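Visitor: Here you go, upload.pdb (PDB, C-alpha atoms, pLDDT in the B column):
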```pdb
ATOM      1  CA  MET S1010      57.218 -33.857 -33.771  1.00 57.00           C
ATOM      2  CA  SER S1011      53.679 -33.956 -32.334  1.00 88.00           C
ATOM      3  CA  LYS S1012      50.880 -32.396 -34.353  1.00 94.00           C
ATOM      4  CA  ILE S1013      47.164 -32.232 -33.573  1.00 96.00           C
ATOM      5  CA  VAL S1014      44.168 -31.085 -35.618  1.00 97.00           C
ATOM      6  CA  LEU S1015      42.003 -28.381 -34.054  1.00 97.00           C
ATOM      7  CA  TYR S1016      38.916 -26.439 -35.090  1.00 97.00           C
ATOM      8  CA  HIS S1017      37.763 -22.918 -34.294  1.00 97.00           C
ATOM      9  CA  GLY S1018      34.166 -21.858 -34.847  1.00 96.00           C
ATOM     10  CA  SER S1019      33.706 -18.310 -36.109  1.00 96.00           C
ATOM     11  CA  SER S1020      31.423 -16.173 -38.232  1.00 94.00           C
ATOM     12  CA  GLU S1021      34.358 -15.749 -40.632  1.00 95.00           C
ATOM     13  CA  LYS S1022      37.374 -17.543 -42.039  1.00 97.00           C
ATOM     14  CA  ILE S1023      40.451 -16.988 -39.879  1.00 97.00           C
ATOM     15  CA  GLU S1024      43.542 -17.923 -41.847  1.00 97.00           C
ATOM     16  CA  LYS S1025      45.974 -16.304 -39.424  1.00 96.00           C
ATOM     17  CA  PRO S1026      45.033 -16.338 -35.742  1.00 97.00           C
ATOM     18  CA  MET S1027      46.542 -13.235 -34.133  1.00 95.00           C
ATOM     19  CA  PHE S1028      48.299 -13.240 -30.789  1.00 95.00           C
ATOM     20  CA  GLY S1029      46.947 -10.592 -28.412  1.00 86.00           C
ATOM     21  CA  LYS S1030      43.466 -10.572 -29.887  1.00 83.00           C
ATOM     22  CA  GLY S1031      40.212 -11.935 -28.461  1.00 78.00           C
ATOM     23  CA  LYS S1032      38.039 -11.266 -25.431  1.00 82.00           C
ATOM     24  CA  VAL S1033      39.789 -10.802 -22.097  1.00 81.00           C
ATOM     25  CA  TYR S1034      36.843 -12.169 -20.072  1.00 81.00           C
ATOM     26  CA  ASN S1035      36.969 -15.706 -21.451  1.00 86.00           C
ATOM     27  CA  ASP S1036      37.327 -18.952 -19.472  1.00 86.00           C
ATOM     28  CA  TYR S1037      41.134 -18.813 -19.490  1.00 92.00           C
ATOM     29  CA  GLY S1038      41.531 -15.167 -20.353  1.00 92.00           C
ATOM     30  CA  GLN S1039      42.628 -13.845 -23.716  1.00 94.00           C
ATOM     31  CA  GLY S1040      43.608 -16.523 -26.216  1.00 96.00           C
ATOM     32  CA  PHE S1041      42.552 -18.530 -29.255  1.00 97.00           C
ATOM     33  CA  TYR S1042      39.936 -21.118 -28.291  1.00 95.00           C
ATOM     34  CA  CYS S1043      39.667 -24.375 -30.241  1.00 96.00           C
ATOM     35  CA  THR S1044      38.146 -27.851 -30.084  1.00 94.00           C
ATOM     36  CA  GLU S1045      39.118 -31.236 -31.486  1.00 93.00           C
ATOM     37  CA  HIS S1046      35.546 -31.727 -32.761  1.00 92.00           C
ATOM     38  CA  ILE S1047      34.428 -30.123 -36.023  1.00 96.00           C
ATOM     39  CA  GLU S1048      30.721 -30.505 -35.214  1.00 94.00           C
ATOM     40  CA  LEU S1049      31.124 -28.528 -31.986  1.00 92.00           C
ATOM     41  CA  ALA S1050      33.064 -25.843 -33.860  1.00 95.00           C
ATOM     42  CA  LYS S1051      30.202 -25.563 -36.340  1.00 96.00           C
ATOM     43  CA  GLU S1052      27.656 -25.192 -33.550  1.00 93.00           C
ATOM     44  CA  TRP S1053      29.655 -22.426 -31.905  1.00 91.00           C
ATOM     45  CA  SER S1054      30.232 -20.629 -35.210  1.00 95.00           C
ATOM     46  CA  CYS S1055      26.538 -19.977 -35.823  1.00 94.00           C
ATOM     47  CA  ASN S1056      24.255 -17.351 -34.409  1.00 87.00           C
ATOM     48  CA  GLU S1057      20.564 -17.318 -35.122  1.00 84.00           C
ATOM     49  CA  GLY S1058      20.116 -16.360 -38.774  1.00 87.00           C
ATOM     50  CA  VAL S1059      23.871 -16.185 -39.442  1.00 92.00           C
ATOM     51  CA  ASP S1060      26.014 -18.929 -40.976  1.00 96.00           C
ATOM     52  CA  GLY S1061      29.506 -19.601 -39.697  1.00 97.00           C
ATOM     53  CA  PHE S1062      32.736 -21.442 -40.432  1.00 98.00           C
ATOM     54  CA  ALA S1063      34.599 -24.300 -38.801  1.00 98.00           C
ATOM     55  CA  ASN S1064      38.209 -23.265 -39.336  1.00 98.00           C
ATOM     56  CA  LYS S1065      40.599 -26.210 -39.405  1.00 98.00           C
ATOM     57  CA  TYR S1066      44.190 -25.963 -38.150  1.00 98.00           C
ATOM     58  CA  GLU S1067      47.212 -28.099 -37.464  1.00 98.00           C
ATOM     59  CA  LEU S1068      49.098 -27.304 -34.275  1.00 98.00           C
ATOM     60  CA  ASP S1069      52.663 -28.446 -33.726  1.00 97.00           C
ATOM     61  CA  GLU S1070      52.927 -29.073 -29.979  1.00 96.00           C
ATOM     62  CA  THR S1071      56.712 -29.500 -30.078  1.00 96.00           C
ATOM     63  CA  GLY S1072      58.364 -27.442 -27.340  1.00 97.00           C
ATOM     64  CA  LEU S1073      55.107 -26.023 -25.999  1.00 97.00           C
ATOM     65  CA  LYS S1074      54.534 -25.865 -22.267  1.00 97.00           C
ATOM     66  CA  ILE S1075      51.062 -27.363 -21.824  1.00 97.00           C
ATOM     67  CA  LEU S1076      48.703 -27.170 -18.848  1.00 97.00           C
ATOM     68  CA  ASN S1077      46.221 -30.063 -18.980  1.00 95.00           C
ATOM     69  CA  LEU S1078      43.571 -29.557 -16.317  1.00 92.00           C
ATOM     70  CA  SER S1079      42.459 -33.171 -16.750  1.00 87.00           C
ATOM     71  CA  GLY S1080      45.739 -34.301 -15.221  1.00 88.00           C
ATOM     72  CA  GLU S1081      45.652 -36.309 -11.990  1.00 88.00           C
ATOM     73  CA  GLU S1082      47.199 -33.480 -10.001  1.00 90.00           C
ATOM     74  CA  TYR S1083      44.206 -31.208 -10.645  1.00 93.00           C
ATOM     75  CA  THR S1084      40.554 -31.249  -9.607  1.00 91.00           C
ATOM     76  CA  ILE S1085      37.515 -29.542 -11.067  1.00 90.00           C
ATOM     77  CA  LEU S1086      38.059 -26.842  -8.442  1.00 95.00           C
ATOM     78  CA  HIS S1087      41.283 -25.746 -10.156  1.00 95.00           C
ATOM     79  CA  TRP S1088      39.248 -25.157 -13.310  1.00 91.00           C
ATOM     80  CA  LEU S1089      36.577 -23.380 -11.292  1.00 91.00           C
ATOM     81  CA  ALA S1090      39.135 -21.056  -9.695  1.00 94.00           C
ATOM     82  CA  LEU S1091      40.365 -20.047 -13.148  1.00 93.00           C
ATOM     83  CA  LEU S1092      36.797 -19.444 -14.264  1.00 89.00           C
ATOM     84  CA  MET S1093      36.188 -17.190 -11.262  1.00 89.00           C
ATOM     85  CA  GLU S1094      39.392 -15.308 -12.016  1.00 92.00           C
ATOM     86  CA  ASN S1095      38.705 -14.682 -15.692  1.00 90.00           C
ATOM     87  CA  ARG S1096      34.945 -14.557 -16.247  1.00 82.00           C
ATOM     88  CA  ARG S1097      32.665 -11.776 -15.057  1.00 79.00           C
ATOM     89  CA  PHE S1098      30.691 -13.218 -12.199  1.00 73.00           C
ATOM     90  CA  ARG S1099      27.870 -11.581 -10.227  1.00 78.00           C
ATOM     91  CA  VAL S1100      28.281 -12.214  -6.493  1.00 80.00           C
ATOM     92  CA  SER S1101      24.889 -12.173  -4.796  1.00 81.00           C
ATOM     93  CA  THR S1102      25.500 -13.713  -1.340  1.00 87.00           C
ATOM     94  CA  PRO S1103      28.213 -13.758   1.368  1.00 88.00           C
ATOM     95  CA  VAL S1104      28.545 -17.546   0.819  1.00 86.00           C
ATOM     96  CA  MET S1105      29.414 -16.986  -2.837  1.00 90.00           C
ATOM     97  CA  ARG S1106      31.896 -14.262  -1.989  1.00 92.00           C
ATOM     98  CA  ARG S1107      33.707 -16.423   0.555  1.00 93.00           C
ATOM     99  CA  GLY S1108      33.639 -19.421  -1.796  1.00 93.00           C
ATOM    100  CA  ILE S1109      35.241 -17.453  -4.620  1.00 94.00           C
ATOM    101  CA  GLU S1110      37.878 -16.097  -2.252  1.00 95.00           C
ATOM    102  CA  TRP S1111      38.709 -19.616  -1.028  1.00 95.00           C
ATOM    103  CA  LEU S1112      38.980 -21.042  -4.532  1.00 95.00           C
ATOM    104  CA  LYS S1113      41.255 -18.252  -5.714  1.00 95.00           C
ATOM    105  CA  GLU S1114      43.442 -18.507  -2.616  1.00 96.00           C
ATOM    106  CA  HIS S1115      43.892 -22.296  -2.648  1.00 96.00           C
ATOM    107  CA  PHE S1116      43.195 -23.563  -6.189  1.00 96.00           C
ATOM    108  CA  LEU S1117      44.136 -20.797  -8.616  1.00 96.00           C
ATOM    109  CA  ILE S1118      46.909 -21.777 -11.022  1.00 96.00           C
ATOM    110  CA  ASP S1119      49.355 -19.256 -12.463  1.00 96.00           C
ATOM    111  CA  ILE S1120      48.786 -19.801 -16.196  1.00 96.00           C
ATOM    112  CA  SER S1121      51.147 -17.045 -17.373  1.00 95.00           C
ATOM    113  CA  GLU S1122      53.974 -19.516 -18.024  1.00 96.00           C
ATOM    114  CA  TYR S1123      51.965 -21.841 -20.280  1.00 98.00           C
ATOM    115  CA  ASP S1124      51.732 -21.806 -24.074  1.00 98.00           C
ATOM    116  CA  LEU S1125      48.654 -24.025 -24.337  1.00 98.00           C
ATOM    117  CA  ILE S1126      45.837 -24.855 -21.911  1.00 97.00           C
ATOM    118  CA  ILE S1127      43.549 -27.888 -22.159  1.00 95.00           C
ATOM    119  CA  GLY S1128      40.414 -27.839 -20.019  1.00 90.00           C
ATOM    120  CA  TYR S1129      36.650 -27.649 -19.699  1.00 83.00           C
ATOM    121  CA  ARG S1130      34.627 -25.250 -21.780  1.00 76.00           C
ATOM    122  CA  ALA S1131      32.102 -23.147 -19.851  1.00 66.00           C
ATOM    123  CA  ASP S1132      29.119 -22.365 -22.051  1.00 68.00           C
ATOM    124  CA  ASP S1133      26.079 -20.660 -20.531  1.00 68.00           C
ATOM    125  CA  SER S1134      24.684 -23.816 -18.962  1.00 67.00           C
ATOM    126  CA  TYR S1135      28.037 -24.866 -17.507  1.00 71.00           C
ATOM    127  CA  PHE S1136      28.469 -21.393 -16.071  1.00 76.00           C
ATOM    128  CA  SER S1137      25.127 -21.709 -14.263  1.00 79.00           C
ATOM    129  CA  PHE S1138      26.219 -25.117 -12.873  1.00 81.00           C
ATOM    130  CA  ALA S1139      29.395 -23.537 -11.499  1.00 86.00           C
ATOM    131  CA  ARG S1140      27.382 -20.728  -9.960  1.00 86.00           C
ATOM    132  CA  SER S1141      25.099 -23.270  -8.224  1.00 88.00           C
ATOM    133  CA  PHE S1142      28.125 -24.961  -6.661  1.00 91.00           C
ATOM    134  CA  ILE S1143      29.620 -21.695  -5.431  1.00 93.00           C
ATOM    135  CA  SER S1144      26.192 -20.826  -3.991  1.00 91.00           C
ATOM    136  CA  ASN S1145      26.241 -24.066  -1.968  1.00 91.00           C
ATOM    137  CA  GLU S1146      23.196 -25.415  -3.859  1.00 88.00           C
ATOM    138  CA  ILE S1147      24.865 -28.539  -5.275  1.00 89.00           C
ATOM    139  CA  SER S1148      27.653 -30.840  -4.100  1.00 92.00           C
ATOM    140  CA  LEU S1149      31.039 -31.403  -5.695  1.00 93.00           C
ATOM    141  CA  LYS S1150      29.813 -34.783  -6.955  1.00 91.00           C
ATOM    142  CA  GLN S1151      26.828 -33.124  -8.613  1.00 89.00           C
ATOM    143  CA  LEU S1152      29.077 -30.475 -10.161  1.00 88.00           C
ATOM    144  CA  ASN S1153      31.329 -33.185 -11.626  1.00 85.00           C
ATOM    145  CA  TYR S1154      28.230 -34.874 -13.064  1.00 82.00           C
ATOM    146  CA  ALA S1155      26.947 -31.589 -14.495  1.00 78.00           C
ATOM    147  CA  MET S1156      30.237 -30.896 -16.259  1.00 75.00           C
ATOM    148  CA  GLN S1157      29.801 -34.074 -18.322  1.00 73.00           C
ATOM    149  CA  LEU S1158      26.389 -32.953 -19.607  1.00 68.00           C
ATOM    150  CA  GLY S1159      26.166 -31.661 -23.150  1.00 60.00           C
ATOM    151  CA  LYS S1160      29.325 -33.560 -24.092  1.00 62.00           C
ATOM    152  CA  LEU S1161      31.273 -30.419 -24.923  1.00 66.00           C
ATOM    153  CA  GLY S1162      34.572 -32.143 -24.304  1.00 71.00           C
ATOM    154  CA  GLU S1163      37.744 -30.162 -23.723  1.00 83.00           C
ATOM    155  CA  GLN S1164      38.871 -26.952 -25.326  1.00 91.00           C
ATOM    156  CA  TYR S1165      42.386 -26.070 -26.390  1.00 96.00           C
ATOM    157  CA  VAL S1166      43.465 -22.494 -25.767  1.00 97.00           C
ATOM    158  CA  LEU S1167      46.543 -20.947 -27.362  1.00 98.00           C
ATOM    159  CA  LYS S1168      48.000 -18.451 -24.892  1.00 97.00           C
ATOM    160  CA  SER S1169      51.507 -17.533 -26.017  1.00 97.00           C
ATOM    161  CA  GLU S1170      53.080 -16.018 -29.102  1.00 97.00           C
ATOM    162  CA  LYS S1171      55.097 -19.224 -29.461  1.00 98.00           C
ATOM    163  CA  ALA S1172      51.903 -21.291 -29.713  1.00 98.00           C
ATOM    164  CA  PHE S1173      50.426 -18.889 -32.281  1.00 98.00           C
ATOM    165  CA  ASN S1174      53.566 -19.266 -34.392  1.00 97.00           C
ATOM    166  CA  GLN S1175      53.084 -23.054 -34.450  1.00 97.00           C
ATOM    167  CA  ILE S1176      49.471 -23.203 -35.656  1.00 98.00           C
ATOM    168  CA  VAL S1177      48.779 -23.528 -39.380  1.00 98.00           C
ATOM    169  CA  PHE S1178      45.465 -22.889 -41.144  1.00 98.00           C
ATOM    170  CA  LYS S1179      44.298 -25.765 -43.344  1.00 98.00           C
ATOM    171  CA  SER S1180      40.747 -25.030 -44.488  1.00 98.00           C
ATOM    172  CA  ALA S1181      37.356 -23.588 -43.531  1.00 98.00           C
ATOM    173  CA  GLU S1182      34.065 -25.450 -43.794  1.00 97.00           C
ATOM    174  CA  LEU S1183      30.750 -23.605 -43.975  1.00 97.00           C
ATOM    175  CA  ALA S1184      28.236 -24.235 -41.175  1.00 97.00           C
ATOM    176  CA  ASP S1185      24.545 -23.740 -41.966  1.00 96.00           C
ATOM    177  CA  ASN S1186      22.926 -21.825 -39.094  1.00 95.00           C
ATOM    178  CA  THR S1187      19.537 -23.464 -39.705  1.00 95.00           C
ATOM    179  CA  ILE S1188      21.170 -26.772 -38.736  1.00 96.00           C
ATOM    180  CA  TYR S1189      23.904 -25.905 -36.272  1.00 95.00           C
ATOM    181  CA  TYR S1190      22.321 -23.097 -34.272  1.00 93.00           C
ATOM    182  CA  ALA S1191      19.411 -25.448 -33.580  1.00 92.00           C
ATOM    183  CA  ARG S1192      21.789 -28.246 -32.536  1.00 92.00           C
ATOM    184  CA  ARG S1193      23.607 -25.895 -30.182  1.00 89.00           C
ATOM    185  CA  LYS S1194      20.333 -24.882 -28.528  1.00 88.00           C
ATOM    186  CA  ILE S1195      19.153 -28.498 -28.223  1.00 89.00           C
ATOM    187  CA  ARG S1196      22.480 -29.491 -26.622  1.00 83.00           C
ATOM    188  CA  ASP S1197      22.206 -26.670 -24.095  1.00 82.00           C
ATOM    189  CA  ASP S1198      18.530 -27.389 -23.312  1.00 84.00           C
ATOM    190  CA  GLU S1199      19.217 -31.091 -22.771  1.00 84.00           C
ATOM    191  CA  ALA S1200      22.122 -30.301 -20.427  1.00 78.00           C
ATOM    192  CA  ARG S1201      19.977 -27.917 -18.396  1.00 79.00           C
ATOM    193  CA  ASN S1202      17.075 -30.382 -18.154  1.00 84.00           C
ATOM    194  CA  ALA S1203      19.367 -33.182 -16.984  1.00 80.00           C
ATOM    195  CA  PHE S1204      20.906 -30.812 -14.454  1.00 78.00           C
ATOM    196  CA  PHE S1205      17.518 -29.827 -13.027  1.00 80.00           C
ATOM    197  CA  GLU S1206      16.692 -33.516 -12.641  1.00 82.00           C
ATOM    198  CA  GLU S1207      19.939 -33.958 -10.700  1.00 75.00           C
ATOM    199  CA  LEU S1208      18.994 -31.040  -8.451  1.00 73.00           C
ATOM    200  CA  GLU S1209      15.960 -33.008  -7.308  1.00 78.00           C
ATOM    201  CA  LYS S1210      18.281 -35.595  -5.777  1.00 79.00           C
ATOM    202  CA  GLU S1211      19.574 -34.926  -2.283  1.00 77.00           C
ATOM    203  CA  ASP S1212      23.293 -35.607  -1.877  1.00 84.00           C
ATOM    204  CA  VAL S1213      23.271 -35.743   1.920  1.00 81.00           C
ATOM    205  CA  ASN S1214      26.809 -37.092   2.181  1.00 87.00           C
ATOM    206  CA  GLY S1215      28.306 -34.894  -0.515  1.00 90.00           C
ATOM    207  CA  VAL S1216      31.009 -32.268  -0.179  1.00 94.00           C
ATOM    208  CA  PHE S1217      29.640 -28.747  -0.577  1.00 94.00           C
ATOM    209  CA  MET S1218      31.391 -25.397  -0.962  1.00 94.00           C
ATOM    210  CA  ARG S1219      30.667 -24.575   2.683  1.00 93.00           C
ATOM    211  CA  ASP S1220      32.309 -27.881   3.744  1.00 94.00           C
ATOM    212  CA  ILE S1221      35.426 -27.082   1.712  1.00 95.00           C
ATOM    213  CA  ILE S1222      35.801 -23.761   3.492  1.00 94.00           C
ATOM    214  CA  ARG S1223      34.923 -25.076   6.963  1.00 93.00           C
ATOM    215  CA  GLU S1224      37.230 -28.093   6.684  1.00 92.00           C
ATOM    216  CA  GLU S1225      39.944 -25.965   5.019  1.00 93.00           C
ATOM    217  CA  MET S1226      40.280 -28.353   2.068  1.00 93.00           C
ATOM    218  CA  THR S1227      43.014 -27.600  -0.479  1.00 91.00           C
ATOM    219  CA  GLY S1228      44.082 -29.134  -3.771  1.00 87.00           C
ATOM    220  CA  ASP S1229      45.764 -32.224  -2.341  1.00 87.00           C
ATOM    221  CA  ASP S1230      42.807 -33.237  -0.130  1.00 87.00           C
ATOM    222  CA  VAL S1231      41.696 -36.817  -0.939  1.00 86.00           C
ATOM    223  CA  ARG S1232      38.077 -35.890  -0.225  1.00 85.00           C
ATOM    224  CA  LEU S1233      38.063 -33.823  -3.409  1.00 87.00           C
ATOM    225  CA  ARG S1234      39.066 -36.721  -5.654  1.00 78.00           C
TER     226      ARG S1234
END
```
How does the structure come out when it is put into structure tokens?
Guide:
Amino acid sequence: MSKIVLYHGSSEKIEKPMFGKGKVYNDYGQGFYCTEHIELAKEWSCNEGVDGFANKYELDETGLKILNLSGEEYTILHWLALLMENRRFRVSTPVMRRGIEWLKEHFLIDISEYDLIIGYRADDSYFSFARSFISNEISLKQLNYAMQLGKLGEQYVLKSEKAFNQIVFKSAELADNTIYYARRKIRDDEARNAFFEELEKEDVNGVFMRDIIREEMTGDDVRLR
């Protein structure tokens, strides 16, 4: 039996996560989004002027079909294709439109068969990094660098009724918004500043979205590793 401890940041205590609830336009669609890190859960639980809770759970992974996007068979573009599929995304140029079409056609994973997904979390700053890549403004190498900024780690997303039946509430710890909302903002600001510094560097030999389309690169292409 394999059990892991997860945390979910919320404005309230959630003793029984409910299958079929939650926003549809999230990174991996509708589901229950968690982290292994209590401090991150506290940051995400707080809005300005409002305290939150880091809800603690134990998840029994036994028998769950798990998609881990950090696996060797996947690239950051598989994650990006899922993001384009599930998040609302304003398309402002023909390059962006063609890039999104290519990603969905060649990198989109069917997640309907999975109980649990492990992958990047796209906060506001990460979402802007992804948009810059699709717009052909940064290279794949720069995107990979940007996704390490802020140290958000991976998120765990419960997708199936089976997964919801195997998660157990343990406790809820109060998060003071005067501490954790500020930390969340500092983390985001630092990530953005580091990203803008990276933008000043010219990656002349890098792989860009336009190159991926022109060279017809797909998920097994060694140039994407």
Visitor: For region 1061-1110 of chain S versus region 1025-1028 of chain S, which residues have an atom no more than 12 Å away, and what is each residue's nearest atom pair and distance in Å rounded to one decimal, using all atoms listed in the file, chain-then-number order, as JSON lines?
Guide:
```
{"residue": "S:Asn1064", "atom": "CA", "partner": "S:Pro1026", "partner_atom": "CA", "distance": 10.4}
{"residue": "S:Lys1065", "atom": "CA", "partner": "S:Lys1025", "partner_atom": "CA", "distance": 11.3}
{"residue": "S:Tyr1066", "atom": "CA", "partner": "S:Lys1025", "partner_atom": "CA", "distance": 9.9}
{"residue": "S:Leu1068", "atom": "CA", "partner": "S:Pro1026", "partner_atom": "CA", "distance": 11.8}
```
Visitor: Find the residue from S:Phe1062, S:Tyr1154, S:Tyr1123, S:Tyr1034 that sits nearest to Ala1203 (chain S); use all atoms listed in the file when measuring.
Guide: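 Smallest separation from Ala1203 (chain S) among the options: S:Tyr1154.
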Visitor: Got a sec to resolve the PyMOL selection byres ((chain S and resi 1013) around 10) on this structure and send the residues as a list in words?
Guide: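 Expected selection for the PyMOL selection byres ((chain S and resi 1013) around 10) here is Ser1011, Lys1012, Val1014, Leu1015, Glu1045, Tyr1066, Glu1067, Leu1068, Asp1069, Glu1070 and Ile1176 of chain S.
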Visitor: Taking the file above as input, evaluate the PyMOL selection byres ((chain S and resi 1146-1150) around 9) and report the hits as a list of chain:residue names.
Guide: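 Here the PyMOL selection byres ((chain S and resi 1146-1150) around 9) matches S:Ile1085, S:Leu1086, S:Phe1138, S:Arg1140, S:Ser1141, S:Phe1142, S:Ile1143, S:Ser1144, S:Asn1145, S:Gln1151, S:Leu1152, S:Asn1153, S:Tyr1154, S:Ala1155, S:Leu1208, S:Glu1211, S:Asp1212, S:Val1213, S:Asn1214, S:Gly1215, S:Val1216, S:Phe1217, S:Met1218, S:Leu1233.
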Visitor: Could you check which of S:Thr1071, S:Ser1121, S:Thr1084, S:Asn1095 is closest to Ile1109 (chain S), using all atoms listed in the file?
Guide: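 That would be S:Asn1095, the residue with the smallest distance to Ile1109 (chain S).
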Visitor: Distance CA of Leu1076 (chain S)-CA of Cys1043 (chain S), one decimal place?
Guide: 14.8 Å
Visitor: Could you check which of S:Asp1197, S:Glu1170, S:Glu1094, S:Asp1060 is closest to Asp1124 (chain S), using all atoms listed in the file?
Guide: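 Looking at the shortest contact to Asp1124 (chain S), the residue is S:Glu1170.
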Visitor: How many Å lie between CA of Ala1090 (chain S) and CA of Phe1041 (chain S), rounded to one decimal?
Guide: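 These two atoms are separated by 20.0 Å.
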Visitor: Enter the distance from CA of Ser1169 (chain S) to CA of Glu1110 (chain S), in Å, rounded to one decimal.
Guide: 27.4 Å
Visitor: Measuring between all atoms listed in the file, which one of S:Tyr1135, S:Glu1052, S:Met1093, S:Met1226 shows the shortest distance to Met1105 (chain S)?
Guide: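 Using all atoms listed in the file, Met1105 (chain S) sits closest to S:Met1093.
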Visitor: Can you work out which one of S:Ala1200, S:His1017, S:Gly1228, S:Gly1061 has the shortest atom-to-atom distance to Ile1118 (chain S), counting all atoms listed in the file?
Guide: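 Result for the nearest residue to Ile1118 (chain S): S:Gly1228.
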Visitor: Rank S:Leu1078, S:Leu1167, S:Cys1055, S:Val1033 by their smallest atom-to-atom distance to Ile1127 (chain S), using all atoms listed in the file, and report the top residue only.
Guide: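 Closest to Ile1127 (chain S), using all atoms listed in the file: S:Leu1078.
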Visitor: Enclose region 1180-1198 of chain S, meaning all of its atoms listed in the file, in a box aligned along x, y and z, pad it by 6 Å on each side, and list the centre and edge lengths in Å to one decimal, as JSON.
Guide:
```
{"center_x": 29.6, "center_y": -25.7, "center_z": -33.9, "size_x": 34.2, "size_y": 19.7, "size_z": 33.2}
```
Visitor: Please write as an MDAnalysis selection string the full residue list that the PyMOL selection byres ((chain S and resi 1042) around 12) yields on this file.
Guide: chainID S and resid 1015:1019 1026:1028 1030:1032 1035:1041 1043:1045 1050 1053:1054 1064 1066 1125:1131 1163:1168 1173
Visitor: Limited to C-alpha atoms, could you put the picked residues into a file as a PDB file, in the frame of the given file?
Guide:
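Saved the output as again.pdb:
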```
ATOM      1  CA  LEU S1015      42.003 -28.381 -34.054  1.00 97.00           C
ATOM      2  CA  TYR S1016      38.916 -26.439 -35.090  1.00 97.00           C
ATOM      3  CA  HIS S1017      37.763 -22.918 -34.294  1.00 97.00           C
ATOM      4  CA  GLY S1018      34.166 -21.858 -34.847  1.00 96.00           C
ATOM      5  CA  SER S1019      33.706 -18.310 -36.109  1.00 96.00           C
ATOM      6  CA  PRO S1026      45.033 -16.338 -35.742  1.00 97.00           C
ATOM      7  CA  MET S1027      46.542 -13.235 -34.133  1.00 95.00           C
ATOM      8  CA  PHE S1028      48.299 -13.240 -30.789  1.00 95.00           C
ATOM      9  CA  LYS S1030      43.466 -10.572 -29.887  1.00 83.00           C
ATOM     10  CA  GLY S1031      40.212 -11.935 -28.461  1.00 78.00           C
ATOM     11  CA  LYS S1032      38.039 -11.266 -25.431  1.00 82.00           C
ATOM     12  CA  ASN S1035      36.969 -15.706 -21.451  1.00 86.00           C
ATOM     13  CA  ASP S1036      37.327 -18.952 -19.472  1.00 86.00           C
ATOM     14  CA  TYR S1037      41.134 -18.813 -19.490  1.00 92.00           C
ATOM     15  CA  GLY S1038      41.531 -15.167 -20.353  1.00 92.00           C
ATOM     16  CA  GLN S1039      42.628 -13.845 -23.716  1.00 94.00           C
ATOM     17  CA  GLY S1040      43.608 -16.523 -26.216  1.00 96.00           C
ATOM     18  CA  PHE S1041      42.552 -18.530 -29.255  1.00 97.00           C
ATOM     19  CA  CYS S1043      39.667 -24.375 -30.241  1.00 96.00           C
ATOM     20  CA  THR S1044      38.146 -27.851 -30.084  1.00 94.00           C
ATOM     21  CA  GLU S1045      39.118 -31.236 -31.486  1.00 93.00           C
ATOM     22  CA  ALA S1050      33.064 -25.843 -33.860  1.00 95.00           C
ATOM     23  CA  TRP S1053      29.655 -22.426 -31.905  1.00 91.00           C
ATOM     24  CA  SER S1054      30.232 -20.629 -35.210  1.00 95.00           C
ATOM     25  CA  ASN S1064      38.209 -23.265 -39.336  1.00 98.00           C
ATOM     26  CA  TYR S1066      44.190 -25.963 -38.150  1.00 98.00           C
ATOM     27  CA  LEU S1125      48.654 -24.025 -24.337  1.00 98.00           C
ATOM     28  CA  ILE S1126      45.837 -24.855 -21.911  1.00 97.00           C
ATOM     29  CA  ILE S1127      43.549 -27.888 -22.159  1.00 95.00           C
ATOM     30  CA  GLY S1128      40.414 -27.839 -20.019  1.00 90.00           C
ATOM     31  CA  TYR S1129      36.650 -27.649 -19.699  1.00 83.00           C
ATOM     32  CA  ARG S1130      34.627 -25.250 -21.780  1.00 76.00           C
ATOM     33  CA  ALA S1131      32.102 -23.147 -19.851  1.00 66.00           C
ATOM     34  CA  GLU S1163      37.744 -30.162 -23.723  1.00 83.00           C
ATOM     35  CA  GLN S1164      38.871 -26.952 -25.326  1.00 91.00           C
ATOM     36  CA  TYR S1165      42.386 -26.070 -26.390  1.00 96.00           C
ATOM     37  CA  VAL S1166      43.465 -22.494 -25.767  1.00 97.00           C
ATOM     38  CA  LEU S1167      46.543 -20.947 -27.362  1.00 98.00           C
ATOM     39  CA  LYS S1168      48.000 -18.451 -24.892  1.00 97.00           C
ATOM     40  CA  PHE S1173      50.426 -18.889 -32.281  1.00 98.00           C
TER      41      PHE S1173
END
```
